[in-house]
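Report on the structure given below.
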Amino acid sequence: MRPLLLPVLRALRPPVRRHSVYERLLGTEVELQVIAQTAAHAAQAETAGLDELDRLATVFSRFDEASEWRRWLSRPGERRVLSPDLREVLRQADHWRHWSGGAFHPGADALGALWRTAESRGEPPPPAQLAALVTALQVDPWTLHEDGSATLHARYAMGLDALAKGVIVDRMAEVMAAQTGVRSVLVNVGGDLRTIGGRGITVTVADPRTPRDDAPPVARVRVRSGALASSGRAHRGYVIRGVRYSHVLDPRTGQPVTATPGVTVRAPNCATADALATILSVLPAAQGLTLLGNQPGCSALLVTAHGERLLSPGWPPDPRPLLSSPPRRHP
């Protein structure tokens, strides 16, 4: 065979699709899809993505006491040099905390711990204790120094899941897409997903008002070379005296949110989608959708407690109608 024909034959060869699902990674299910020139290329891309997940888990894992995040939390008051990965996520957390007026806050984990204790006792959190924690959240939880170090000030529980998971999804997708022979990738970690290349994927948005898996979805949305993340209360929350409260807590008041039980956000990357889904779950719907207008390439679907769908500008129409009542678009 003439050497000049080899590139032509390779181009004509049909692509290979590799689809894998892994349980209990990052405490959830991880789905990977790769379309590549050959099976070897697809396998190499998947391995690269899993290696990146393992590497970043040593930085951000809240389950591993040896992770950089957990080790830093154990040293309040000390000025310590951080890895570029952790420092960047802390920088992003600062950005979203200020941008949202405190609706996004890593210290929401401390509020969650308070509400879990209240649930176990069968009584709402003591108002004085709740107020003291809310006051503590108003102070900057850390300081990032110009030399790459940081000082932790907060002495309450904190978590980066609302941001770090999206960062991990993004990094995995980007590393996989950069491998030789790869045409498109999809990374889906517990419902937070990122696609690069290809024709994209149609995602169903579950009804956040019910935990039933067989309930009709409230929407379908196409995601292509972008990201999607959701925040909802259907499967999580606190039950006190027979009343179910949302697991999404407003860091500014310490109270569970009630008006918007479900938010789904489309964004250029998963870290942004994750942060915005949390913020829009906390803020009043009109305020959140107005702020969203300042984020290029982002759009959202909000489901109210009464089942009304609120759409931001840029949210695409459903591939097929799902509801008898039309959605209301935010101006």
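Here's how to read the names in the structure tokens: chain A, B, ... by the order shown, residue numbers from 1 in each chain, ligand numbers from 1 in the order shown.
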
List the neighbours of range 204-212 of chain A out to 10 Å using only C-alpha atoms; skip same-chain residues closer than 2 positions along the sequence, and give me the result as a ChimeraX atom specification.
-> /A:191,201-202,214-222,230-236,260-264,301-307,318

Proximity check range 136-219 of chain A to range 24-38 of chain A, 8 Å, nearest pairs one decimal Å, only C-alpha atoms, as a tab-separated table:
```
residue	atom	partner	partner_atom	distance
A:Gly181	CA	A:Gln37	CA	5.1
A:Val182	CA	A:Ala36	CA	4.2
A:Arg183	CA	A:Ala36	CA	5.2
A:Ser184	CA	A:Ile35	CA	5.3
A:Val185	CA	A:Val34	CA	4.6
A:Leu186	CA	A:Gln33	CA	5.0
A:Val187	CA	A:Leu32	CA	4.9
A:Asn188	CA	A:Glu31	CA	5.0
A:Val189	CA	A:Val30	CA	4.6
A:Gly190	CA	A:Glu29	CA	5.4
```

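Relative to CA of Arg17 in chain A, CA of Asp54 in chain A is found at 23.1 Å.
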
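Distances here use only C-alpha atoms; by that measure, the residue among A:Trp315, A:Trp69, A:Tyr22, A:Tyr238 closest to Gln255 in chain A is A:Tyr238.
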
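Nearest-residue note for Val248 in chain A: choosing from A:Asp109, A:Glu52, A:Glu123, A:Glu146, the minimum distance belongs to A:Asp109, counting only C-alpha atoms.
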
Mind pulling up the distance from CA of Ala132 in chain A to CA of Arg252 in chain A?
->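 Separating CA of Arg252 in chain A from CA of Ala132 in chain A is a distance of 11.5 Å.
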
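Reported to one decimal place, the separation of CA of Gly159 in chain A from CA of Leu56 in chain A is 15.1 Å.
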
Check the DSSP output for the backbone and give back, as a PyMOL selection string, the residues of range 139-318 of chain A in strand (DSSP E).
-> chain A and resi 142-144+149-152+182-189+192-196+201-205+219-223+227-232+237-240+243-246+262-267+299-303+309-311

Close residues, range 84-96 of chain A itself excluded, 8 Å, only C-alpha atoms, min 2 positions apart in chain, as JSON, numbers by chain | {"A": [56, 59, 60, 68, 69, 82, 98, 99, 100, 104, 105, 106, 144, 148, 150, 163, 164, 167, 275]}

Residue selection dump (N, CA and C atoms) as a PDB file, in the first residue's frame:
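File again.pdb, as written:
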```pdb
ATOM      1  N   LEU A  56      -6.707  15.335  41.166  1.00  0.00           N
ATOM      2  CA  LEU A  56      -7.444  16.427  41.785  1.00  0.00           C
ATOM      3  C   LEU A  56      -8.161  16.003  43.061  1.00  0.00           C
ATOM      4  N   VAL A  59      -6.316  16.798  46.020  1.00  0.00           N
ATOM      5  CA  VAL A  59      -6.342  18.215  46.374  1.00  0.00           C
ATOM      6  C   VAL A  59      -7.643  18.582  47.079  1.00  0.00           C
ATOM      7  N   PHE A  60      -8.792  18.169  46.501  1.00  0.00           N
ATOM      8  CA  PHE A  60     -10.085  18.694  46.927  1.00  0.00           C
ATOM      9  C   PHE A  60     -10.946  17.759  47.760  1.00  0.00           C
ATOM     10  N   GLU A  68      -5.183  17.938  50.283  1.00  0.00           N
ATOM     11  CA  GLU A  68      -4.641  19.260  50.586  1.00  0.00           C
ATOM     12  C   GLU A  68      -5.695  20.153  51.236  1.00  0.00           C
ATOM     13  N   TRP A  69      -6.922  20.060  50.766  1.00  0.00           N
ATOM     14  CA  TRP A  69      -8.013  20.851  51.325  1.00  0.00           C
ATOM     15  C   TRP A  69      -8.227  20.536  52.799  1.00  0.00           C
ATOM     16  N   LEU A  82      -0.057  27.182  48.944  1.00  0.00           N
ATOM     17  CA  LEU A  82      -1.033  26.253  48.389  1.00  0.00           C
ATOM     18  C   LEU A  82      -0.674  25.883  46.967  1.00  0.00           C
ATOM     19  N   HIS A  98     -18.490  37.271  46.530  1.00  0.00           N
ATOM     20  CA  HIS A  98     -18.697  38.717  46.427  1.00  0.00           C
ATOM     21  C   HIS A  98     -19.728  39.047  45.349  1.00  0.00           C
ATOM     22  N   TRP A  99     -19.662  38.348  44.216  1.00  0.00           N
ATOM     23  CA  TRP A  99     -20.577  38.618  43.097  1.00  0.00           C
ATOM     24  C   TRP A  99     -22.030  38.398  43.502  1.00  0.00           C
ATOM     25  N   SER A 100     -22.255  37.387  44.336  1.00  0.00           N
ATOM     26  CA  SER A 100     -23.622  37.029  44.730  1.00  0.00           C
ATOM     27  C   SER A 100     -24.079  37.723  46.003  1.00  0.00           C
ATOM     28  N   PHE A 104     -23.506  32.703  47.753  1.00  0.00           N
ATOM     29  CA  PHE A 104     -22.568  31.579  47.632  1.00  0.00           C
ATOM     30  C   PHE A 104     -21.547  31.712  48.749  1.00  0.00           C
ATOM     31  N   HIS A 105     -21.351  30.641  49.514  1.00  0.00           N
ATOM     32  CA  HIS A 105     -20.391  30.700  50.616  1.00  0.00           C
ATOM     33  C   HIS A 105     -19.950  29.280  50.979  1.00  0.00           C
ATOM     34  N   PRO A 106     -18.629  29.022  51.009  1.00  0.00           N
ATOM     35  CA  PRO A 106     -18.140  27.688  51.419  1.00  0.00           C
ATOM     36  C   PRO A 106     -18.580  27.313  52.836  1.00  0.00           C
ATOM     37  N   LEU A 144      -5.940  35.362  50.593  1.00  0.00           N
ATOM     38  CA  LEU A 144      -5.010  34.871  49.589  1.00  0.00           C
ATOM     39  C   LEU A 144      -3.901  35.904  49.419  1.00  0.00           C
ATOM     40  N   GLY A 148       1.431  33.370  46.684  1.00  0.00           N
ATOM     41  CA  GLY A 148       0.919  32.018  46.490  1.00  0.00           C
ATOM     42  C   GLY A 148       0.506  31.320  47.768  1.00  0.00           C
ATOM     43  N   ALA A 150      -1.705  31.321  51.560  1.00  0.00           N
ATOM     44  CA  ALA A 150      -3.032  31.715  52.033  1.00  0.00           C
ATOM     45  C   ALA A 150      -3.116  31.495  53.532  1.00  0.00           C
ATOM     46  N   LEU A 163     -18.235  24.020  43.966  1.00  0.00           N
ATOM     47  CA  LEU A 163     -17.345  24.568  42.951  1.00  0.00           C
ATOM     48  C   LEU A 163     -16.303  23.558  42.483  1.00  0.00           C
ATOM     49  N   ALA A 164     -15.714  22.825  43.433  1.00  0.00           N
ATOM     50  CA  ALA A 164     -14.614  21.925  43.091  1.00  0.00           C
ATOM     51  C   ALA A 164     -15.060  20.793  42.175  1.00  0.00           C
ATOM     52  N   VAL A 167     -14.997  22.064  38.726  1.00  0.00           N
ATOM     53  CA  VAL A 167     -13.612  22.210  38.266  1.00  0.00           C
ATOM     54  C   VAL A 167     -13.048  20.864  37.846  1.00  0.00           C
ATOM     55  N   ALA A 275     -21.508  26.899  40.296  1.00  0.00           N
ATOM     56  CA  ALA A 275     -21.629  28.056  41.183  1.00  0.00           C
ATOM     57  C   ALA A 275     -22.945  28.782  40.961  1.00  0.00           C
TER      58      ALA A 275
END
```

Nearest to Pro125 in chain A by atom-to-atom distance, counting only C-alpha atoms, from A:Gly166, A:Gly226, A:Gly254, A:Gly77 =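 Using only C-alpha atoms, the shortest distance to Pro125 in chain A belongs to A:Gly254.
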
Pick out the residues sitting within 9 Å of Arg155 in chain A, and hand them over as a ChimeraX atom specification; count only C-alpha atoms, and ignore anything fewer than 4 positions along from it in its own chain.
-> /A:73,76,141

Which residue of A:Tyr156, A:Trp72, A:Glu119, A:Gly314 approaches Leu289 in chain A most closely, using only C-alpha atoms |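 Closest residue, counting only C-alpha atoms: A:Gly314.
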
Near Thr151 in chain A, within 6 Å and counting only C-alpha atoms, which residues show up once chain neighbours fewer than 3 positions away are dropped, as a list in words?
->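 Here the qualifying residues turn out to be Gly77, Glu78, Arg79, Trp142 and Thr143 of chain A.
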
Store the residues picked out above in a file with C-alpha atoms, as a PDB file, in the first residue's frame.
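Resulting contents of selection-v2.pdb:
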```pdb
ATOM      1  CA  GLY A  77      -4.275  30.984  61.438  1.00  0.00           C
ATOM      2  CA  GLU A  78      -1.206  29.664  59.611  1.00  0.00           C
ATOM      3  CA  ARG A  79       0.122  31.186  56.399  1.00  0.00           C
ATOM      4  CA  TRP A 142      -9.415  33.335  54.322  1.00  0.00           C
ATOM      5  CA  THR A 143      -6.830  35.666  52.824  1.00  0.00           C
TER       6      THR A 143
END
```
